[in-house]
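Below is input06.cif, which holds mmCIF, N, CA and C atoms.
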data_final
loop_
_atom_site.label_atom_id
_atom_site.label_comp_id
_atom_site.auth_asym_id
_atom_site.auth_seq_id
_atom_site.Cartn_x
_atom_site.Cartn_y
_atom_site.Cartn_z
N MET A 7 0.84 -1.18 0.00
CA MET A 7 0.00 0.00 0.00
C MET A 7 0.88 1.24 0.00
N GLU A 8 0.56 2.16 -0.82
CA GLU A 8 1.35 3.38 -0.96
C GLU A 8 0.88 4.42 0.05
N GLY A 9 1.79 5.24 0.57
CA GLY A 9 1.44 6.26 1.55
C GLY A 9 0.64 7.39 0.93
N PHE A 10 -0.04 8.12 1.77
CA PHE A 10 -0.86 9.25 1.32
C PHE A 10 0.02 10.47 1.11
N THR A 11 -0.05 11.07 -0.06
CA THR A 11 0.66 12.30 -0.35
C THR A 11 -0.38 13.40 -0.45
N PRO A 12 -0.41 14.32 0.54
CA PRO A 12 -1.45 15.36 0.50
C PRO A 12 -1.19 16.34 -0.63
N PRO A 13 -2.24 16.78 -1.30
CA PRO A 13 -2.07 17.76 -2.37
C PRO A 13 -1.80 19.14 -1.79
N LEU A 14 -1.30 20.05 -2.63
CA LEU A 14 -1.04 21.40 -2.18
C LEU A 14 -2.33 22.15 -1.93
N ILE A 15 -3.36 21.86 -2.69
CA ILE A 15 -4.67 22.46 -2.50
C ILE A 15 -5.67 21.32 -2.38
N LEU A 16 -6.45 21.34 -1.33
CA LEU A 16 -7.46 20.30 -1.17
C LEU A 16 -8.56 20.52 -2.19
N ARG A 17 -8.87 19.48 -2.93
CA ARG A 17 -9.88 19.59 -3.98
C ARG A 17 -11.11 18.77 -3.60
N ALA A 18 -11.69 19.10 -2.50
CA ALA A 18 -12.88 18.40 -2.05
C ALA A 18 -14.07 18.87 -2.85
N THR A 19 -14.71 17.94 -3.55
CA THR A 19 -15.87 18.33 -4.34
C THR A 19 -17.08 18.62 -3.47
N SER A 20 -17.00 18.23 -2.20
CA SER A 20 -18.12 18.52 -1.32
C SER A 20 -18.17 20.00 -0.91
N ARG A 21 -17.06 20.69 -1.08
CA ARG A 21 -17.03 22.13 -0.75
C ARG A 21 -17.59 22.94 -1.90
N PRO A 22 -18.17 24.09 -1.60
CA PRO A 22 -18.71 24.94 -2.68
C PRO A 22 -17.59 25.46 -3.59
N ALA A 23 -17.96 25.77 -4.81
CA ALA A 23 -16.97 26.23 -5.80
C ALA A 23 -16.30 27.53 -5.35
N LEU A 24 -17.05 28.43 -4.71
CA LEU A 24 -16.47 29.70 -4.25
C LEU A 24 -15.42 29.46 -3.17
N ALA A 25 -15.66 28.49 -2.31
CA ALA A 25 -14.68 28.17 -1.27
C ALA A 25 -13.42 27.57 -1.87
N ARG A 26 -13.58 26.74 -2.90
CA ARG A 26 -12.40 26.17 -3.57
C ARG A 26 -11.61 27.24 -4.29
N ILE A 27 -12.29 28.20 -4.91
CA ILE A 27 -11.59 29.32 -5.56
C ILE A 27 -10.84 30.14 -4.51
N GLY A 28 -11.47 30.36 -3.36
CA GLY A 28 -10.80 31.05 -2.26
C GLY A 28 -9.55 30.32 -1.80
N ASP A 29 -9.62 28.98 -1.74
CA ASP A 29 -8.45 28.19 -1.38
C ASP A 29 -7.31 28.38 -2.37
N VAL A 30 -7.66 28.40 -3.66
CA VAL A 30 -6.64 28.59 -4.70
C VAL A 30 -5.99 29.96 -4.55
N VAL A 31 -6.79 30.99 -4.30
CA VAL A 31 -6.25 32.36 -4.17
C VAL A 31 -5.35 32.46 -2.94
N VAL A 32 -5.81 31.93 -1.81
CA VAL A 32 -5.01 32.00 -0.59
C VAL A 32 -3.71 31.21 -0.75
N THR A 33 -3.79 30.04 -1.37
CA THR A 33 -2.58 29.24 -1.61
C THR A 33 -1.61 29.97 -2.51
N ALA A 34 -2.11 30.59 -3.57
CA ALA A 34 -1.23 31.34 -4.47
C ALA A 34 -0.57 32.52 -3.76
N LEU A 35 -1.33 33.21 -2.90
CA LEU A 35 -0.74 34.32 -2.14
C LEU A 35 0.33 33.83 -1.17
N LEU A 36 0.07 32.69 -0.52
CA LEU A 36 1.06 32.16 0.41
C LEU A 36 2.33 31.72 -0.31
N TRP A 37 2.19 31.06 -1.47
CA TRP A 37 3.37 30.66 -2.23
C TRP A 37 4.14 31.88 -2.74
N THR A 38 3.43 32.90 -3.16
CA THR A 38 4.10 34.13 -3.61
C THR A 38 4.88 34.77 -2.47
N GLY A 39 4.25 34.85 -1.30
CA GLY A 39 4.95 35.40 -0.14
C GLY A 39 6.15 34.57 0.26
N TRP A 40 6.02 33.25 0.16
CA TRP A 40 7.13 32.37 0.50
C TRP A 40 8.30 32.59 -0.46
N LEU A 41 8.00 32.69 -1.75
CA LEU A 41 9.07 32.92 -2.73
C LEU A 41 9.73 34.28 -2.52
N TYR A 42 8.94 35.29 -2.18
CA TYR A 42 9.50 36.61 -1.89
C TYR A 42 10.47 36.55 -0.71
N LEU A 43 10.06 35.84 0.35
CA LEU A 43 10.94 35.70 1.51
C LEU A 43 12.16 34.84 1.20
N LEU A 44 12.00 33.85 0.32
CA LEU A 44 13.14 33.03 -0.08
C LEU A 44 14.17 33.87 -0.82
N VAL A 45 13.69 34.75 -1.71
CA VAL A 45 14.62 35.64 -2.42
C VAL A 45 15.32 36.57 -1.43
N ALA A 46 14.58 37.05 -0.43
CA ALA A 46 15.21 37.92 0.58
C ALA A 46 16.24 37.15 1.40
N ALA A 47 15.94 35.88 1.73
CA ALA A 47 16.90 35.08 2.50
C ALA A 47 18.15 34.80 1.68
N VAL A 48 17.98 34.50 0.41
CA VAL A 48 19.14 34.29 -0.45
C VAL A 48 19.92 35.59 -0.56
N GLY A 49 19.21 36.71 -0.58
CA GLY A 49 19.88 38.00 -0.70
C GLY A 49 20.71 38.37 0.51
N THR A 50 20.41 37.79 1.68
CA THR A 50 21.24 38.09 2.85
C THR A 50 22.58 37.37 2.77
N LEU A 51 22.63 36.26 2.07
CA LEU A 51 23.88 35.52 1.97
C LEU A 51 24.63 35.81 0.68
N TRP A 52 23.91 35.92 -0.41
CA TRP A 52 24.52 36.18 -1.71
C TRP A 52 23.55 37.03 -2.51
N VAL A 53 24.03 38.10 -3.06
CA VAL A 53 23.15 39.03 -3.76
C VAL A 53 23.39 38.90 -5.26
N PRO A 54 22.51 38.11 -5.92
CA PRO A 54 22.64 38.06 -7.38
C PRO A 54 22.17 39.39 -7.98
N PRO A 55 22.53 39.64 -9.21
CA PRO A 55 22.23 40.95 -9.82
C PRO A 55 20.74 41.30 -9.86
N PHE A 56 19.87 40.32 -10.07
CA PHE A 56 18.44 40.65 -10.20
C PHE A 56 17.79 41.01 -8.86
N VAL A 57 18.42 40.65 -7.75
CA VAL A 57 17.82 40.91 -6.44
C VAL A 57 17.84 42.41 -6.12
N HIS A 58 18.83 43.14 -6.62
CA HIS A 58 18.90 44.58 -6.35
C HIS A 58 17.66 45.29 -6.87
N ARG A 59 17.07 44.77 -7.94
CA ARG A 59 15.88 45.40 -8.49
C ARG A 59 14.63 45.00 -7.70
N LEU A 60 14.64 43.82 -7.05
CA LEU A 60 13.46 43.34 -6.33
C LEU A 60 13.41 43.80 -4.88
N LEU A 61 14.55 43.72 -4.19
CA LEU A 61 14.58 44.00 -2.75
C LEU A 61 15.70 44.97 -2.41
N PRO A 62 15.50 45.80 -1.41
CA PRO A 62 16.58 46.70 -0.98
C PRO A 62 17.52 45.98 0.00
N VAL A 63 18.38 45.10 -0.52
CA VAL A 63 19.33 44.38 0.33
C VAL A 63 20.74 44.67 -0.15
N ASP A 64 21.67 44.55 0.78
CA ASP A 64 23.09 44.72 0.47
C ASP A 64 23.82 43.41 0.73
N ALA A 65 24.90 43.22 0.05
CA ALA A 65 25.71 42.02 0.27
C ALA A 65 26.35 42.08 1.65
N PRO A 66 26.57 40.93 2.29
CA PRO A 66 27.24 40.95 3.59
C PRO A 66 28.65 41.52 3.46
N SER A 67 29.06 42.26 4.51
CA SER A 67 30.36 42.94 4.45
C SER A 67 31.53 42.00 4.72
N SER A 68 31.29 40.93 5.48
CA SER A 68 32.38 39.99 5.80
C SER A 68 31.82 38.58 5.92
N VAL A 69 32.73 37.63 6.00
CA VAL A 69 32.34 36.22 6.18
C VAL A 69 31.65 36.05 7.54
N GLN A 70 32.18 36.74 8.56
CA GLN A 70 31.58 36.66 9.90
C GLN A 70 30.12 37.12 9.87
N ASP A 71 29.87 38.22 9.18
CA ASP A 71 28.50 38.73 9.06
C ASP A 71 27.61 37.73 8.33
N MET A 72 28.13 37.12 7.27
CA MET A 72 27.36 36.15 6.51
C MET A 72 27.03 34.93 7.37
N LEU A 73 28.01 34.42 8.13
CA LEU A 73 27.76 33.26 8.98
C LEU A 73 26.79 33.57 10.12
N THR A 74 26.87 34.78 10.66
CA THR A 74 25.93 35.18 11.71
C THR A 74 24.51 35.22 11.17
N ARG A 75 24.34 35.81 9.98
CA ARG A 75 23.01 35.84 9.37
C ARG A 75 22.50 34.44 9.07
N ALA A 76 23.37 33.58 8.54
CA ALA A 76 22.96 32.21 8.22
C ALA A 76 22.57 31.45 9.49
N ALA A 77 23.33 31.63 10.57
CA ALA A 77 23.01 30.94 11.83
C ALA A 77 21.69 31.45 12.40
N LEU A 78 21.46 32.76 12.31
CA LEU A 78 20.21 33.32 12.80
C LEU A 78 19.01 32.81 11.98
N CYS A 79 19.14 32.79 10.66
CA CYS A 79 18.07 32.26 9.81
C CYS A 79 17.82 30.79 10.10
N THR A 80 18.87 30.02 10.31
CA THR A 80 18.72 28.60 10.62
C THR A 80 18.06 28.39 11.97
N ALA A 81 18.43 29.20 12.95
CA ALA A 81 17.82 29.08 14.28
C ALA A 81 16.34 29.43 14.24
N ILE A 82 15.98 30.48 13.53
CA ILE A 82 14.56 30.86 13.43
C ILE A 82 13.77 29.78 12.70
N ALA A 83 14.31 29.29 11.59
CA ALA A 83 13.62 28.24 10.84
C ALA A 83 13.49 26.96 11.68
N GLY A 84 14.55 26.60 12.40
CA GLY A 84 14.50 25.42 13.26
C GLY A 84 13.48 25.58 14.38
N GLY A 85 13.42 26.78 14.96
CA GLY A 85 12.43 27.03 16.02
C GLY A 85 11.01 26.93 15.50
N LEU A 86 10.77 27.50 14.32
CA LEU A 86 9.43 27.41 13.72
C LEU A 86 9.07 25.97 13.38
N CYS A 87 10.01 25.22 12.83
CA CYS A 87 9.75 23.82 12.51
C CYS A 87 9.48 23.01 13.76
N ALA A 88 10.22 23.27 14.84
CA ALA A 88 10.00 22.56 16.10
C ALA A 88 8.63 22.90 16.68
N ALA A 89 8.23 24.16 16.58
CA ALA A 89 6.91 24.55 17.10
C ALA A 89 5.80 23.88 16.31
N VAL A 90 5.94 23.83 14.99
CA VAL A 90 4.92 23.18 14.16
C VAL A 90 4.88 21.69 14.45
N ARG A 91 6.04 21.07 14.58
CA ARG A 91 6.10 19.63 14.88
C ARG A 91 5.47 19.33 16.23
N TRP A 92 5.74 20.17 17.23
CA TRP A 92 5.15 19.97 18.56
C TRP A 92 3.64 20.09 18.48
N ARG A 93 3.15 21.08 17.74
CA ARG A 93 1.71 21.30 17.63
C ARG A 93 1.03 20.12 16.93
N VAL A 94 1.65 19.60 15.89
CA VAL A 94 1.08 18.45 15.18
C VAL A 94 1.04 17.23 16.09
N SER A 95 2.11 17.01 16.86
CA SER A 95 2.12 15.86 17.77
C SER A 95 1.07 16.01 18.87
N GLN A 96 0.87 17.24 19.36
CA GLN A 96 -0.17 17.46 20.37
C GLN A 96 -1.55 17.22 19.78
N HIS A 97 -1.76 17.68 18.54
CA HIS A 97 -3.05 17.47 17.88
C HIS A 97 -3.33 15.98 17.71
N ARG A 98 -2.34 15.23 17.29
CA ARG A 98 -2.53 13.78 17.12
C ARG A 98 -2.78 13.10 18.45
N ARG A 99 -2.10 13.55 19.50
CA ARG A 99 -2.29 12.94 20.81
C ARG A 99 -3.68 13.26 21.36
N TRP A 100 -4.12 14.50 21.20
CA TRP A 100 -5.42 14.91 21.74
C TRP A 100 -6.57 14.23 21.03
N PHE A 101 -6.44 14.02 19.72
CA PHE A 101 -7.54 13.47 18.95
C PHE A 101 -7.23 12.05 18.49
N ALA A 102 -6.60 11.27 19.35
CA ALA A 102 -6.23 9.90 19.00
C ALA A 102 -7.39 8.94 19.18
N GLY A 103 -8.55 9.42 19.56
CA GLY A 103 -9.70 8.56 19.71
C GLY A 103 -10.06 8.29 21.15
N GLU A 104 -9.13 8.45 22.04
CA GLU A 104 -9.39 8.20 23.45
C GLU A 104 -9.69 9.53 24.13
N ASP A 105 -10.74 9.57 24.93
CA ASP A 105 -11.09 10.79 25.64
C ASP A 105 -10.18 10.90 26.86
N ARG A 106 -9.29 11.89 26.87
CA ARG A 106 -8.29 12.02 27.92
C ARG A 106 -8.70 12.99 29.02
N ARG A 107 -9.91 13.55 28.90
CA ARG A 107 -10.35 14.47 29.94
C ARG A 107 -10.73 13.70 31.19
N ARG A 108 -10.44 14.27 32.31
CA ARG A 108 -10.78 13.63 33.57
C ARG A 108 -12.19 14.02 33.97
N SER A 109 -12.98 13.03 34.33
CA SER A 109 -14.33 13.33 34.78
C SER A 109 -14.29 13.63 36.28
N VAL A 110 -15.27 14.37 36.73
CA VAL A 110 -15.35 14.70 38.15
C VAL A 110 -15.80 13.44 38.90
N PRO A 111 -15.05 13.03 39.92
CA PRO A 111 -15.46 11.82 40.64
C PRO A 111 -16.76 12.06 41.39
N GLN A 112 -17.68 11.11 41.27
CA GLN A 112 -18.96 11.20 41.95
C GLN A 112 -18.83 10.61 43.36
N PRO A 113 -19.35 11.30 44.36
CA PRO A 113 -19.28 10.74 45.72
C PRO A 113 -20.20 9.53 45.85
N ASP A 114 -19.83 8.63 46.72
CA ASP A 114 -20.68 7.46 46.91
C ASP A 114 -21.87 7.81 47.80
N LEU A 115 -22.81 6.89 47.87
CA LEU A 115 -24.06 7.12 48.58
C LEU A 115 -23.83 7.35 50.08
N ALA A 116 -22.88 6.61 50.66
CA ALA A 116 -22.62 6.73 52.09
C ALA A 116 -22.05 8.11 52.44
N THR A 117 -21.18 8.65 51.59
CA THR A 117 -20.60 9.97 51.83
C THR A 117 -21.68 11.04 51.73
N MET A 118 -22.53 10.95 50.72
CA MET A 118 -23.60 11.94 50.58
C MET A 118 -24.59 11.84 51.74
N ALA A 119 -24.90 10.62 52.18
CA ALA A 119 -25.83 10.45 53.29
C ALA A 119 -25.24 11.03 54.57
N ALA A 120 -23.95 10.87 54.77
CA ALA A 120 -23.30 11.44 55.95
C ALA A 120 -23.32 12.96 55.90
N ASP A 121 -23.16 13.53 54.71
CA ASP A 121 -23.19 14.99 54.57
C ASP A 121 -24.57 15.56 54.89
N PHE A 122 -25.62 14.85 54.48
CA PHE A 122 -26.99 15.31 54.75
C PHE A 122 -27.50 14.85 56.12
N ASP A 123 -26.74 14.02 56.80
CA ASP A 123 -27.10 13.49 58.12
C ASP A 123 -28.40 12.69 58.05
N VAL A 124 -28.49 11.82 57.03
CA VAL A 124 -29.62 10.92 56.86
C VAL A 124 -29.08 9.53 56.59
N SER A 125 -29.96 8.55 56.55
CA SER A 125 -29.51 7.19 56.26
C SER A 125 -29.32 7.00 54.76
N ALA A 126 -28.48 6.04 54.41
CA ALA A 126 -28.20 5.77 53.00
C ALA A 126 -29.44 5.24 52.29
N GLU A 127 -30.29 4.49 53.02
CA GLU A 127 -31.51 3.97 52.41
C GLU A 127 -32.46 5.11 52.05
N ALA A 128 -32.57 6.10 52.93
CA ALA A 128 -33.45 7.24 52.66
C ALA A 128 -32.93 8.04 51.45
N LEU A 129 -31.63 8.19 51.39
CA LEU A 129 -31.05 8.92 50.27
C LEU A 129 -31.27 8.17 48.96
N ALA A 130 -31.18 6.85 48.98
CA ALA A 130 -31.43 6.06 47.77
C ALA A 130 -32.89 6.22 47.33
N ALA A 131 -33.81 6.27 48.30
CA ALA A 131 -35.22 6.48 47.95
C ALA A 131 -35.43 7.88 47.39
N TRP A 132 -34.71 8.87 47.92
CA TRP A 132 -34.82 10.24 47.40
C TRP A 132 -34.40 10.29 45.93
N ARG A 133 -33.34 9.60 45.60
CA ARG A 133 -32.81 9.63 44.24
C ARG A 133 -33.76 8.98 43.24
N MET A 134 -34.60 8.08 43.70
CA MET A 134 -35.53 7.39 42.81
C MET A 134 -36.81 8.20 42.56
N SER A 135 -37.06 9.22 43.37
CA SER A 135 -38.31 9.96 43.22
C SER A 135 -38.23 10.92 42.04
N ARG A 136 -39.39 11.22 41.46
CA ARG A 136 -39.46 12.13 40.32
C ARG A 136 -39.47 13.59 40.76
N ARG A 137 -40.05 13.86 41.91
CA ARG A 137 -40.10 15.22 42.45
C ARG A 137 -39.66 15.15 43.89
N LEU A 138 -38.75 16.04 44.27
CA LEU A 138 -38.20 16.00 45.63
C LEU A 138 -38.04 17.44 46.12
N VAL A 139 -38.63 17.72 47.27
CA VAL A 139 -38.48 19.03 47.90
C VAL A 139 -37.85 18.78 49.26
N VAL A 140 -36.67 19.36 49.45
CA VAL A 140 -35.94 19.18 50.71
C VAL A 140 -35.97 20.50 51.47
N HIS A 141 -36.46 20.47 52.69
CA HIS A 141 -36.49 21.65 53.55
C HIS A 141 -35.33 21.54 54.53
N GLN A 142 -34.57 22.63 54.66
CA GLN A 142 -33.41 22.65 55.55
C GLN A 142 -33.51 23.83 56.50
N ASP A 143 -32.83 23.70 57.65
CA ASP A 143 -32.79 24.83 58.58
C ASP A 143 -31.62 25.75 58.20
N HIS A 144 -31.36 26.75 59.01
CA HIS A 144 -30.30 27.73 58.71
C HIS A 144 -28.91 27.12 58.73
N ASP A 145 -28.73 26.00 59.42
CA ASP A 145 -27.43 25.34 59.48
C ASP A 145 -27.25 24.32 58.36
N GLY A 146 -28.26 24.09 57.54
CA GLY A 146 -28.16 23.16 56.44
C GLY A 146 -28.61 21.76 56.77
N HIS A 147 -29.18 21.55 57.95
CA HIS A 147 -29.67 20.21 58.32
C HIS A 147 -31.05 19.99 57.72
N VAL A 148 -31.30 18.76 57.28
CA VAL A 148 -32.58 18.41 56.65
C VAL A 148 -33.66 18.34 57.72
N ILE A 149 -34.74 19.12 57.50
CA ILE A 149 -35.86 19.13 58.44
C ILE A 149 -36.97 18.21 57.93
N LYS A 150 -37.33 18.41 56.66
CA LYS A 150 -38.46 17.67 56.11
C LYS A 150 -38.20 17.43 54.64
N VAL A 151 -38.67 16.27 54.14
CA VAL A 151 -38.52 15.90 52.74
C VAL A 151 -39.89 15.54 52.19
N GLU A 152 -40.23 16.15 51.04
CA GLU A 152 -41.48 15.85 50.37
C GLU A 152 -41.14 15.15 49.05
N GLN A 153 -41.65 13.93 48.91
CA GLN A 153 -41.43 13.17 47.69
C GLN A 153 -42.68 13.11 46.87
N GLY A 154 -42.53 13.13 45.57
CA GLY A 154 -43.70 13.06 44.71
C GLY A 154 -43.51 12.09 43.59
#

For the file at hand, write its structure as structure tokens.
Amino acid sequence: MEGFTPPLILRATSRPALARIGDVVVTALLWTGWLYLLVAAVGTLWVPPFVHRLLPVDAPSSVQDMLTRAALCTAIAGGLCAAVRWRVSQHRRWFAGEDRRRSVPQPDLATMAADFDVSAEALAAWRMSRRLVVHQDHDGHVIKVEQG
């Protein structure tokens, strides 16, 4: 079985034609911007004659300056690639099919009965009723219970 090679532009026929045209326009703008930045990056290390007409860049003054610029560009690109890789791995981990959220633990019947100062059997009967009105005093103790 051959691996999946994603296309540069998703051509989902389920999407409206206007949305697909928008995808083409946005992709073309992104590729144009990327090529512009690539020419600028090449211009920081080596300035071919046509770059002077496209961008206001100067050739590096020394080898030290050229290596510093190259190291800085490499560090920025490496940092961006690491951030994208981390984000993709987090996305895959979060949506791997298993729900990783922790649910709130529910107290057991005996703990709830002790909190209300009633028997566990009475509390179980309360939970089965369709309508329940609990009257409490100012301290929170149960005075009267009406079941319906």

Quick one: DSSP alpha helix (DSSP H) residues in region 87-145 of chain A, as a PDB file with N, CA and C atoms, in the coordinates of the input?
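Wrote it out as out.pdb, contents follow:
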ATOM      1  N   CYS A  87      10.010  25.220  12.830  1.00  0.00           N
ATOM      2  CA  CYS A  87       9.750  23.820  12.510  1.00  0.00           C
ATOM      3  C   CYS A  87       9.480  23.010  13.760  1.00  0.00           C
ATOM      4  N   ALA A  88      10.220  23.270  14.840  1.00  0.00           N
ATOM      5  CA  ALA A  88      10.000  22.560  16.100  1.00  0.00           C
ATOM      6  C   ALA A  88       8.630  22.900  16.680  1.00  0.00           C
ATOM      7  N   ALA A  89       8.230  24.160  16.580  1.00  0.00           N
ATOM      8  CA  ALA A  89       6.910  24.550  17.100  1.00  0.00           C
ATOM      9  C   ALA A  89       5.800  23.880  16.310  1.00  0.00           C
ATOM     10  N   VAL A  90       5.940  23.830  14.990  1.00  0.00           N
ATOM     11  CA  VAL A  90       4.920  23.180  14.160  1.00  0.00           C
ATOM     12  C   VAL A  90       4.880  21.690  14.450  1.00  0.00           C
ATOM     13  N   ARG A  91       6.040  21.070  14.580  1.00  0.00           N
ATOM     14  CA  ARG A  91       6.100  19.630  14.880  1.00  0.00           C
ATOM     15  C   ARG A  91       5.470  19.330  16.230  1.00  0.00           C
ATOM     16  N   TRP A  92       5.740  20.170  17.230  1.00  0.00           N
ATOM     17  CA  TRP A  92       5.150  19.970  18.560  1.00  0.00           C
ATOM     18  C   TRP A  92       3.640  20.090  18.480  1.00  0.00           C
ATOM     19  N   ARG A  93       3.150  21.080  17.740  1.00  0.00           N
ATOM     20  CA  ARG A  93       1.710  21.300  17.630  1.00  0.00           C
ATOM     21  C   ARG A  93       1.030  20.120  16.930  1.00  0.00           C
ATOM     22  N   VAL A  94       1.650  19.600  15.890  1.00  0.00           N
ATOM     23  CA  VAL A  94       1.080  18.450  15.180  1.00  0.00           C
ATOM     24  C   VAL A  94       1.040  17.230  16.090  1.00  0.00           C
ATOM     25  N   SER A  95       2.110  17.010  16.860  1.00  0.00           N
ATOM     26  CA  SER A  95       2.120  15.860  17.770  1.00  0.00           C
ATOM     27  C   SER A  95       1.070  16.010  18.870  1.00  0.00           C
ATOM     28  N   GLN A  96       0.870  17.240  19.360  1.00  0.00           N
ATOM     29  CA  GLN A  96      -0.170  17.460  20.370  1.00  0.00           C
ATOM     30  C   GLN A  96      -1.550  17.220  19.780  1.00  0.00           C
ATOM     31  N   HIS A  97      -1.760  17.680  18.540  1.00  0.00           N
ATOM     32  CA  HIS A  97      -3.050  17.470  17.880  1.00  0.00           C
ATOM     33  C   HIS A  97      -3.330  15.980  17.710  1.00  0.00           C
ATOM     34  N   ARG A  98      -2.340  15.230  17.290  1.00  0.00           N
ATOM     35  CA  ARG A  98      -2.530  13.780  17.120  1.00  0.00           C
ATOM     36  C   ARG A  98      -2.780  13.100  18.450  1.00  0.00           C
ATOM     37  N   ARG A  99      -2.100  13.550  19.500  1.00  0.00           N
ATOM     38  CA  ARG A  99      -2.290  12.940  20.810  1.00  0.00           C
ATOM     39  C   ARG A  99      -3.680  13.260  21.360  1.00  0.00           C
ATOM     40  N   TRP A 100      -4.120  14.500  21.200  1.00  0.00           N
ATOM     41  CA  TRP A 100      -5.420  14.910  21.740  1.00  0.00           C
ATOM     42  C   TRP A 100      -6.570  14.230  21.030  1.00  0.00           C
ATOM     43  N   LEU A 115     -22.810   6.890  47.870  1.00  0.00           N
ATOM     44  CA  LEU A 115     -24.060   7.120  48.580  1.00  0.00           C
ATOM     45  C   LEU A 115     -23.830   7.350  50.080  1.00  0.00           C
ATOM     46  N   ALA A 116     -22.880   6.610  50.660  1.00  0.00           N
ATOM     47  CA  ALA A 116     -22.620   6.730  52.090  1.00  0.00           C
ATOM     48  C   ALA A 116     -22.050   8.110  52.440  1.00  0.00           C
ATOM     49  N   THR A 117     -21.180   8.650  51.590  1.00  0.00           N
ATOM     50  CA  THR A 117     -20.600   9.970  51.830  1.00  0.00           C
ATOM     51  C   THR A 117     -21.680  11.040  51.730  1.00  0.00           C
ATOM     52  N   MET A 118     -22.530  10.950  50.720  1.00  0.00           N
ATOM     53  CA  MET A 118     -23.600  11.940  50.580  1.00  0.00           C
ATOM     54  C   MET A 118     -24.590  11.840  51.740  1.00  0.00           C
ATOM     55  N   ALA A 119     -24.900  10.620  52.180  1.00  0.00           N
ATOM     56  CA  ALA A 119     -25.830  10.450  53.290  1.00  0.00           C
ATOM     57  C   ALA A 119     -25.240  11.030  54.570  1.00  0.00           C
ATOM     58  N   ALA A 120     -23.950  10.870  54.770  1.00  0.00           N
ATOM     59  CA  ALA A 120     -23.300  11.440  55.950  1.00  0.00           C
ATOM     60  C   ALA A 120     -23.320  12.960  55.900  1.00  0.00           C
ATOM     61  N   ASP A 121     -23.160  13.530  54.710  1.00  0.00           N
ATOM     62  CA  ASP A 121     -23.190  14.990  54.570  1.00  0.00           C
ATOM     63  C   ASP A 121     -24.570  15.560  54.890  1.00  0.00           C
ATOM     64  N   PHE A 122     -25.620  14.850  54.480  1.00  0.00           N
ATOM     65  CA  PHE A 122     -26.990  15.310  54.750  1.00  0.00           C
ATOM     66  C   PHE A 122     -27.500  14.850  56.120  1.00  0.00           C
ATOM     67  N   ALA A 126     -28.480   6.040  54.410  1.00  0.00           N
ATOM     68  CA  ALA A 126     -28.200   5.770  53.000  1.00  0.00           C
ATOM     69  C   ALA A 126     -29.440   5.240  52.290  1.00  0.00           C
ATOM     70  N   GLU A 127     -30.290   4.490  53.020  1.00  0.00           N
ATOM     71  CA  GLU A 127     -31.510   3.970  52.410  1.00  0.00           C
ATOM     72  C   GLU A 127     -32.460   5.110  52.050  1.00  0.00           C
ATOM     73  N   ALA A 128     -32.570   6.100  52.930  1.00  0.00           N
ATOM     74  CA  ALA A 128     -33.450   7.240  52.660  1.00  0.00           C
ATOM     75  C   ALA A 128     -32.930   8.040  51.450  1.00  0.00           C
ATOM     76  N   LEU A 129     -31.630   8.190  51.390  1.00  0.00           N
ATOM     77  CA  LEU A 129     -31.050   8.920  50.270  1.00  0.00           C
ATOM     78  C   LEU A 129     -31.270   8.170  48.960  1.00  0.00           C
ATOM     79  N   ALA A 130     -31.180   6.850  48.980  1.00  0.00           N
ATOM     80  CA  ALA A 130     -31.430   6.060  47.770  1.00  0.00           C
ATOM     81  C   ALA A 130     -32.890   6.220  47.330  1.00  0.00           C
ATOM     82  N   ALA A 131     -33.810   6.270  48.300  1.00  0.00           N
ATOM     83  CA  ALA A 131     -35.220   6.480  47.950  1.00  0.00           C
ATOM     84  C   ALA A 131     -35.430   7.880  47.390  1.00  0.00           C
ATOM     85  N   TRP A 132     -34.710   8.870  47.920  1.00  0.00           N
ATOM     86  CA  TRP A 132     -34.820  10.240  47.400  1.00  0.00           C
ATOM     87  C   TRP A 132     -34.400  10.290  45.930  1.00  0.00           C
ATOM     88  N   ARG A 133     -33.340   9.600  45.600  1.00  0.00           N
ATOM     89  CA  ARG A 133     -32.810   9.630  44.240  1.00  0.00           C
ATOM     90  C   ARG A 133     -33.760   8.980  43.240  1.00  0.00           C
ATOM     91  N   MET A 134     -34.600   8.080  43.700  1.00  0.00           N
ATOM     92  CA  MET A 134     -35.530   7.390  42.810  1.00  0.00           C
ATOM     93  C   MET A 134     -36.810   8.200  42.560  1.00  0.00           C
TER      94      MET A 134
END

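CA of Gln153 (chain A) lies 9.1 Å from CA of Ala131 (chain A).
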
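Taking CA of Ile149 (chain A) and CA of Ser125 (chain A) as endpoints, the distance between them is 13.7 Å.
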
Need the neighbours of (-41.4, 16.8, 44.7): which residues are at most 6 Å away, counting only N, CA and C atoms, as a short mmCIF file (atom, residue, chain, number, x, y, z; two decimals) with N, CA and C atoms, keeping the file's coordinate frame?
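Final output, saved to out-v3.cif:
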data_model
loop_
_atom_site.label_atom_id
_atom_site.label_comp_id
_atom_site.auth_asym_id
_atom_site.auth_seq_id
_atom_site.Cartn_x
_atom_site.Cartn_y
_atom_site.Cartn_z
N ARG A 136 -39.39 11.22 41.46
CA ARG A 136 -39.46 12.13 40.32
C ARG A 136 -39.47 13.59 40.76
N ARG A 137 -40.05 13.86 41.91
CA ARG A 137 -40.10 15.22 42.45
C ARG A 137 -39.66 15.15 43.89
N LEU A 138 -38.75 16.04 44.27
CA LEU A 138 -38.20 16.00 45.63
C LEU A 138 -38.04 17.44 46.12
N VAL A 139 -38.63 17.72 47.27
CA VAL A 139 -38.48 19.03 47.90
C VAL A 139 -37.85 18.78 49.26
N GLU A 152 -40.23 16.15 51.04
CA GLU A 152 -41.48 15.85 50.37
C GLU A 152 -41.14 15.15 49.05
N GLN A 153 -41.65 13.93 48.91
CA GLN A 153 -41.43 13.17 47.69
C GLN A 153 -42.68 13.11 46.87
N GLY A 154 -42.53 13.13 45.57
CA GLY A 154 -43.70 13.06 44.71
C GLY A 154 -43.51 12.09 43.59
#
